[in-house]
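Colleague: I have a structure I would like to understand better, so I am pasting it below and will then ask my questions one at a time.
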Amino acid sequence: MCGIVGYIGREKKAEKVVIEGLYRLEYRGYDSAGLAYVEDNKIKVVRAKGAVSGLDKKSSNIQPQDLAIGHTRWATHGKPSEENAHPHESFKGELAIVHNGIIENYKHLKELLMDEGYIFNSETDTEVLANWIEHTKLKRDLNLVDAVHEALKFVHGAYAICVVEPSAEMIVCAKKSSPLAVGIGDDSFIIGSDATPIIGRAKEVIYLEDNQIAIVTRDKLQVKDIDNRDTGFFPEKLLLDLQAVEKKGFESFMMKEIHEQPETIADCLRGRLAAAGPEIALGGIEDVMPRLLRAKKITIVSCGTSWHSALIGKYLIESLTRIPVEVDYASEYRYRKPIISNDDVVVGITQSGETADTKAALEMAKGKGALILGVVNVVGSSIARLSNAGIYTHSGTEIGVASTKAFTGQVAAITMLAIKLSHRLGHIDDEKLMDLKDALAIIPDQVQEILDDSAAIESVASIYANYDDFLYLGRGINFPVALEGALKLKEISYIHAEGYPAGEMKHGPIALIDESCPSVFVMPHDDSYEKTVSNLQEIRARSGKVIAVTDKEDKNLTEAADAVIIIPKTEPELTPLLTTIPLQIFSHKIARIRNKDVDKPRNLAKSVTVE
Ligand code: M6R
């Protein structure tokens, strides 16, 4: 997600404070970064695609400054690139701007500006905003503050902005629907899209209200309302613990990340579902679509949780496109002498983009001529770079070692890929495509509904916190969700948990069942529901406890199961995005009851860069 940092003060350290602030905002996820400062009455802009470290390197020769604004961008309008990165300077050099949010009427404003002779260097709505403010300023001979105020009256959408001009007297900030904070330091003001860049540099902070404009000079802060009247401001004490702020009041990063999923899934879907026409827009694979559509076979390689999203991908791609899909553990694929040809498509799914096994497997396949697609969270990571094409999941930085929001991001991305291929190949018509897109669009709200009911899920977890063995069961697309549920529980609570296809139970694992080994069934009302109910009865008949995750009240199930967790209804193809959520909450609660460090489970690393 985009991030903003600004500094204005008596000390000449603005560029350092801004870059450090941008590093701190890396956890939000981004694809490019930039900063602007003023030298010899001219605005200077430095921008870099990829990591903040790239911008840091490019900025190493900047003379010490007392004013700078910076930004980490997460692409909405226009691809990730240096040209589209912020800050954007206006056409006539009157100002530079950083912006979080989306300007909904930017096309209309752009047309008006083009009629006035404005030329644009990027595809962004932000450059339009920069030029719109400049145009208002020059046309009506206004100062910067009044120009921002007047220009914003014609702007629809969401924004948090910081604007600077060549006189370098002030930073003008404004916000609507996107957050913006101003930290009040001893001899400086630090601006942030959240408090993280401000911590340690200011003891007090104000959080701007919608439609307010803050005028920040070296020694004064002034806040005005929509009518350009001075409103004063009420500073709050700033928590000095960076981690506590980053955790946003949640007891762990993992819980924070579980609760971020409505937002992160929406971020993954954003722009892609809203494409013109019925299509799903996956810009990163458009160039290789012809090759994808002729694929005779798709192989997905990955590890751990990412392997579970690969399995979900297999169910979806095969059923929706009829293209055969193989799923392999990356560590196995490398060494089993797989048959790879020029026609093959090999997909790597990875949160970090640095997993050594996945990277080596993809390198090997690439060497044999396969087309490599990366489904990756970390922008600019090794696997993102080695892939020929790909889909970023845009889940933001995941700090908890146990993957949660990155998993649902992967599932959302692979689901969109399967639906897109299916439509292009003519297996689903426009109507079915629209049904799936509509259903996808409300998934973030449905995830929120489940999260709002966390207490009920946690109370079920409390009952089972002292059991030492669990089975997780499901059929079809629910089986990989069961695997993921079991992995989450074992990773963070060290309880023995196994995922199994529910129909496979009777071939062996049922021997484990007695009253001390509960089973968690993932069983929305899809084609496999009735058969899964029968499997559940087999467990009950052997005194096994049963917890069922389903999507509709069913009297028979309520009677048969010890606990039933109900999630909202969606299309059968999309249930993994919902059934996963209660399993995450369930594991987290059990691990906390057992007093485990859920964010840093023993023996595990966030990014596994060894073979
Ligand atoms: O970064 P990757 O997605 O490639 O990581 C793969 C696995 O190491 C990772 O999913 C691991 O299983 C997590 N701890 C799961 O919670």
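Numbering starts fresh at 1 for the residues of each chain in the structure tokens, the chains themselves are lettered A, B, ... in the order given, and ligands are numbered from 1 as they appear.
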Could you list, as a compact mmCIF listing (two decimals) with C-alpha atoms, in the first residue's frame, all residues that come within 8 Å of ligand 1? Count only C-alpha atoms and all ligand atoms.

Modeller:
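What follows is the written file out.txt:
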# COMPACT_ATOMS: atom_id res chain seq x y z
CA SER A 302 5.98 -24.03 -4.18
CA CYS A 303 6.52 -24.84 -0.51
CA GLY A 304 4.54 -24.88 2.72
CA THR A 305 1.48 -22.69 2.79
CA SER A 306 2.18 -21.60 -0.78
CA TRP A 307 1.98 -25.26 -1.81
CA ILE A 349 3.79 -19.40 -5.86
CA THR A 350 5.73 -17.70 -3.10
CA GLN A 351 5.08 -15.05 -0.51
CA SER A 352 8.68 -13.97 -0.01
CA GLY A 353 9.89 -14.54 -3.55
CA GLU A 354 13.14 -15.75 -1.98
CA THR A 355 12.45 -19.38 -1.03
CA THR A 358 11.13 -22.61 -5.27
CA VAL A 376 4.60 -13.38 -5.62
CA VAL A 401 6.09 -16.36 10.39
CA ALA A 402 2.86 -18.27 9.95
CA SER A 403 1.40 -17.11 6.70
CA THR A 404 -2.18 -15.82 6.77
CA ALA A 406 -0.27 -13.84 2.08
CA PHE A 407 -2.09 -17.18 1.67
CA LEU A 487 -0.22 -26.56 9.13
CA LYS A 488 -1.30 -23.38 10.90
CA GLU A 491 3.35 -24.30 13.22
CA LEU A 604 10.93 -21.57 11.72
CA ALA A 605 12.10 -18.65 9.61
CA LYS A 606 9.99 -16.23 7.62
CA SER A 607 11.98 -16.65 4.49
CA VAL A 608 13.60 -20.02 3.89

Colleague: Please provide as a list in words all residues within 7 Å of region 323-325 of chain A, with the sequence filter that same-chain residues fewer than 6 positions apart are discarded (counting only C-alpha atoms).

Modeller: Lys296, Lys297, Ile298, Thr299, Lys314 and Ile317 of chain A

Colleague: Would you mind telling me which residue in A:Ser309, A:Gln261, A:Asn41, A:Ser516 lies nearest to Glu165 (chain A) when using only C-alpha atoms?

Modeller: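 Of all the options, A:Asn41 lies closest to Glu165 (chain A).
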
Colleague: As a VMD selection string, please: all residues of region 136-348 of chain A that backbone DSSP puts in alpha helix (DSSP H).

Modeller: chain A and resid 136 to 140 144 to 152 242 to 246 253 to 259 261 to 269 289 to 293 304 to 321 330 to 333

Colleague: Would you mind listing what lies within 10 Å of Ala168 (chain A) as a PDB file with N, CA, C and O atoms, in the first residue's frame, with only C-alpha atoms counted and same-chain residues fewer than 5 positions away left out?

Modeller:
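The resulting file, part13.pdb, is reproduced below:
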ATOM      1  N   ILE A   8       9.798  18.789   7.673  1.00  0.00           N
ATOM      2  CA  ILE A   8      10.195  20.185   7.540  1.00  0.00           C
ATOM      3  C   ILE A   8      10.671  20.631   8.920  1.00  0.00           C
ATOM      4  O   ILE A   8      10.024  20.351   9.933  1.00  0.00           O
ATOM      5  N   TYR A  37      12.721  17.291  -2.941  1.00  0.00           N
ATOM      6  CA  TYR A  37      13.269  18.325  -2.078  1.00  0.00           C
ATOM      7  C   TYR A  37      13.500  19.552  -2.953  1.00  0.00           C
ATOM      8  O   TYR A  37      13.191  19.526  -4.160  1.00  0.00           O
ATOM      9  N   VAL A  38      14.021  20.626  -2.358  1.00  0.00           N
ATOM     10  CA  VAL A  38      14.181  21.860  -3.127  1.00  0.00           C
ATOM     11  C   VAL A  38      15.635  22.314  -3.062  1.00  0.00           C
ATOM     12  O   VAL A  38      16.242  22.330  -1.987  1.00  0.00           O
ATOM     13  N   GLU A  39      16.195  22.630  -4.224  1.00  0.00           N
ATOM     14  CA  GLU A  39      17.566  23.146  -4.256  1.00  0.00           C
ATOM     15  C   GLU A  39      17.594  24.324  -5.213  1.00  0.00           C
ATOM     16  O   GLU A  39      17.061  24.210  -6.338  1.00  0.00           O
ATOM     17  N   ASP A  40      18.200  25.407  -4.813  1.00  0.00           N
ATOM     18  CA  ASP A  40      18.274  26.620  -5.652  1.00  0.00           C
ATOM     19  C   ASP A  40      16.906  26.993  -6.228  1.00  0.00           C
ATOM     20  O   ASP A  40      16.759  27.255  -7.430  1.00  0.00           O
ATOM     21  N   ASN A  41      15.906  26.990  -5.359  1.00  0.00           N
ATOM     22  CA  ASN A  41      14.547  27.352  -5.782  1.00  0.00           C
ATOM     23  C   ASN A  41      13.975  26.488  -6.899  1.00  0.00           C
ATOM     24  O   ASN A  41      13.136  26.931  -7.674  1.00  0.00           O
ATOM     25  N   LYS A  42      14.488  25.269  -6.962  1.00  0.00           N
ATOM     26  CA  LYS A  42      13.919  24.330  -7.946  1.00  0.00           C
ATOM     27  C   LYS A  42      13.566  23.021  -7.238  1.00  0.00           C
ATOM     28  O   LYS A  42      14.330  22.574  -6.374  1.00  0.00           O
ATOM     29  N   ILE A  43      12.456  22.452  -7.645  1.00  0.00           N
ATOM     30  CA  ILE A  43      12.083  21.161  -7.054  1.00  0.00           C
ATOM     31  C   ILE A  43      12.915  20.061  -7.709  1.00  0.00           C
ATOM     32  O   ILE A  43      13.052  20.025  -8.931  1.00  0.00           O
ATOM     33  N   ASP A  66      16.344  20.709   4.595  1.00  0.00           N
ATOM     34  CA  ASP A  66      15.452  20.883   5.751  1.00  0.00           C
ATOM     35  C   ASP A  66      13.986  20.701   5.365  1.00  0.00           C
ATOM     36  O   ASP A  66      13.084  20.962   6.166  1.00  0.00           O
ATOM     37  N   LEU A  67      13.755  20.274   4.147  1.00  0.00           N
ATOM     38  CA  LEU A  67      12.375  19.963   3.711  1.00  0.00           C
ATOM     39  C   LEU A  67      12.428  18.849   2.671  1.00  0.00           C
ATOM     40  O   LEU A  67      13.257  18.897   1.753  1.00  0.00           O
ATOM     41  N   ALA A  68      11.591  17.859   2.842  1.00  0.00           N
ATOM     42  CA  ALA A  68      11.486  16.804   1.820  1.00  0.00           C
ATOM     43  C   ALA A  68      10.160  16.072   2.006  1.00  0.00           C
ATOM     44  O   ALA A  68       9.611  16.023   3.120  1.00  0.00           O
ATOM     45  N   LEU A  95       4.990  22.939  -8.448  1.00  0.00           N
ATOM     46  CA  LEU A  95       4.815  22.154  -7.219  1.00  0.00           C
ATOM     47  C   LEU A  95       5.141  20.685  -7.472  1.00  0.00           C
ATOM     48  O   LEU A  95       5.229  20.250  -8.628  1.00  0.00           O
ATOM     49  N   THR A 217       4.933  24.777   8.336  1.00  0.00           N
ATOM     50  CA  THR A 217       6.161  25.524   8.031  1.00  0.00           C
ATOM     51  C   THR A 217       7.238  25.064   9.021  1.00  0.00           C
ATOM     52  O   THR A 217       6.984  24.195   9.856  1.00  0.00           O
ATOM     53  N   ARG A 218       8.406  25.701   8.973  1.00  0.00           N
ATOM     54  CA  ARG A 218       9.489  25.226   9.847  1.00  0.00           C
ATOM     55  C   ARG A 218       9.172  25.416  11.327  1.00  0.00           C
ATOM     56  O   ARG A 218       9.647  24.676  12.168  1.00  0.00           O
TER      57      ARG A 218
END

Colleague: Between A:Ile258, A:Val128, A:Val172, A:Ile477, single out the one closest to Val223 (chain A), counting only C-alpha atoms.

Modeller: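 Looking at the shortest contact to Val223 (chain A), the residue is A:Val172.
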
Colleague: I want to know what sits within 10 Å of region 318-321 of chain A, based on only C-alpha atoms, with residues of the same chain fewer than 6 positions away left out; could you give that as a list in words?

Modeller: Leu293, Lys297, Ile298, Thr415, Ala418, Ile419, Lys420, Leu421, Ser422, His423, Arg424, Leu425, Gly426, His427, Ile428 and Glu573 of chain A

Colleague: For CA of Pro509 (chain A) and CA of Ala486 (chain A), determine how far apart the two atoms are, in Å to one decimal place.

Modeller: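 Taking CA of Pro509 (chain A) as the start and CA of Ala486 (chain A) as the end point, the length is 14.6 Å.
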
Colleague: Can you tell me, as a list in words, what residues are no more than 9 Å from His77 (chain A) when counting only C-alpha atoms, ignoring any on the same chain fewer than 3 positions away?

Modeller: Asn84, Ile102, Glu123, Thr124, Asp125, Thr126 and Gly271 of chain A

Colleague: Convert the current residue selection to file output with N, CA, C and O atoms, as a short mmCIF file (atom, residue, chain, number, x, y, z; two decimals), in the first residue's frame.

Modeller:
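So the final result, stored in again_7.cif, reads:
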data_model
loop_
_atom_site.label_atom_id
_atom_site.label_comp_id
_atom_site.auth_asym_id
_atom_site.auth_seq_id
_atom_site.Cartn_x
_atom_site.Cartn_y
_atom_site.Cartn_z
N ASN A 84 5.88 6.33 -13.10
CA ASN A 84 4.62 6.38 -12.35
C ASN A 84 4.84 6.56 -10.85
O ASN A 84 3.89 6.79 -10.10
N ILE A 102 -7.20 7.34 -4.41
CA ILE A 102 -7.57 7.24 -5.83
C ILE A 102 -8.43 8.44 -6.20
O ILE A 102 -9.43 8.74 -5.53
N GLU A 123 1.12 7.64 -16.13
CA GLU A 123 -0.28 7.20 -16.33
C GLU A 123 -1.11 7.46 -15.08
O GLU A 123 -2.21 6.95 -14.96
N THR A 124 -0.58 8.20 -14.13
CA THR A 124 -1.20 8.23 -12.81
C THR A 124 -2.27 9.31 -12.65
O THR A 124 -2.22 10.35 -13.30
N ASP A 125 -3.16 9.02 -11.73
CA ASP A 125 -4.15 10.02 -11.33
C ASP A 125 -3.46 11.12 -10.51
O ASP A 125 -3.91 12.26 -10.46
N THR A 126 -2.33 10.77 -9.90
CA THR A 126 -1.62 11.74 -9.04
C THR A 126 -1.02 12.88 -9.86
O THR A 126 -1.06 14.04 -9.44
N GLY A 271 -8.73 -3.02 -9.04
CA GLY A 271 -8.30 -2.71 -10.39
C GLY A 271 -8.45 -3.90 -11.32
O GLY A 271 -8.80 -3.75 -12.48
#

Colleague: Between CA of Arg272 (chain A) and CA of Thr393 (chain A), what is the spacing in Å?

Modeller: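 Spanning CA of Thr393 (chain A) to CA of Arg272 (chain A) is a straight-line distance of 11.3 Å.
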
Colleague: Taking the DSSP secondary structure from the backbone, can you list the residues of region 392-540 of chain A that are strand (DSSP E), as a PyMOL selection string?

Modeller: chain A and resi 392+469-474+496-501+519-522

Colleague: Could you work out how far CA of Phe253 (chain A) lies from CA of Asn377 (chain A), giving the answer in Å with one decimal?

Modeller: 17.2 Å

Colleague: Of the candidates A:Ile463, A:Asn595, A:Asp554, A:Glu449, which shows the shortest atom-to-atom distance to Ile492 (chain A), using only C-alpha atoms?

Modeller: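 Distance minimum relative to Ile492 (chain A) lands on A:Asn595.
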
Colleague: Env of Ala413 (chain A): 9 Å cut, atoms = only C-alpha atoms, seq-sep filter 4 positions within chain, self excluded. Answer as a ChimeraX atom specification.

Modeller: /A:268-269,375,391-393,408-409,417-418

Colleague: Print the selection's residues with C-alpha atoms to a file, as a compact mmCIF listing (two decimals), in the first residue's frame.

Modeller:
# COMPACT_ATOMS: atom_id res chain seq x y z
CA CYS A 268 -5.27 -8.02 -4.58
CA LEU A 269 -8.58 -7.72 -6.42
CA VAL A 375 2.62 -15.44 -8.09
CA ILE A 391 0.82 -11.66 -10.67
CA TYR A 392 1.69 -9.72 -7.54
CA THR A 393 -0.56 -10.58 -4.62
CA THR A 408 -5.47 -15.59 0.94
CA GLY A 409 -3.70 -13.18 -1.43
CA LEU A 417 -5.95 -16.50 -13.15
CA ALA A 418 -8.13 -19.62 -13.42

Colleague: Which residues are near Leu113 (chain A)? Cut-off 9 Å, only C-alpha atoms, ignore same chain within fewer than 5 positions. Put them as a list in words.

Modeller: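 Near neighbours after the sequence-gap exclusion: His108, Tyr118, Ile119, Val128, Asn131, Trp132 and His135 of chain A.
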
Colleague: For the selection just defined, write its residues with C-alpha atoms to a file, as a CSV table (one decimal), in the first residue's frame.

Modeller:
chain,number,residue,atom,x,y,z
A,108,HIS,CA,-12.2,14.2,-16.7
A,118,TYR,CA,-0.9,20.1,-20.3
A,119,ILE,CA,1.3,17.2,-21.3
A,128,VAL,CA,-3.4,14.8,-12.9
A,131,ASN,CA,-1.4,19.6,-12.6
A,132,TRP,CA,-4.9,20.4,-11.5
A,135,HIS,CA,-3.6,25.0,-13.1

Colleague: Out of A:Asp287, A:Asp597, A:Glu246, A:Glu236, which residue has the shortest atom-to-atom distance to Gly390 (chain A) when counting only C-alpha atoms?

Modeller: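 Nearest candidate to Gly390 (chain A) out of A:Asp287, A:Asp597, A:Glu246, A:Glu236: A:Asp287.
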
Colleague: Taking only C-alpha atoms into account, which of A:Ile539, A:Ile372, A:Ile581, A:Val205 comes nearest Cys517 (chain A)?

Modeller: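 Residue with the minimum atom-to-atom distance to Cys517 (chain A): A:Ile539.
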
Colleague: Taking only C-alpha atoms into account, which of A:Val345, A:Met254, A:Ile340, A:Leu35 comes nearest Arg291 (chain A)?

Modeller: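 Once distances to Arg291 (chain A) are computed over only C-alpha atoms, the minimum belongs to A:Val345.
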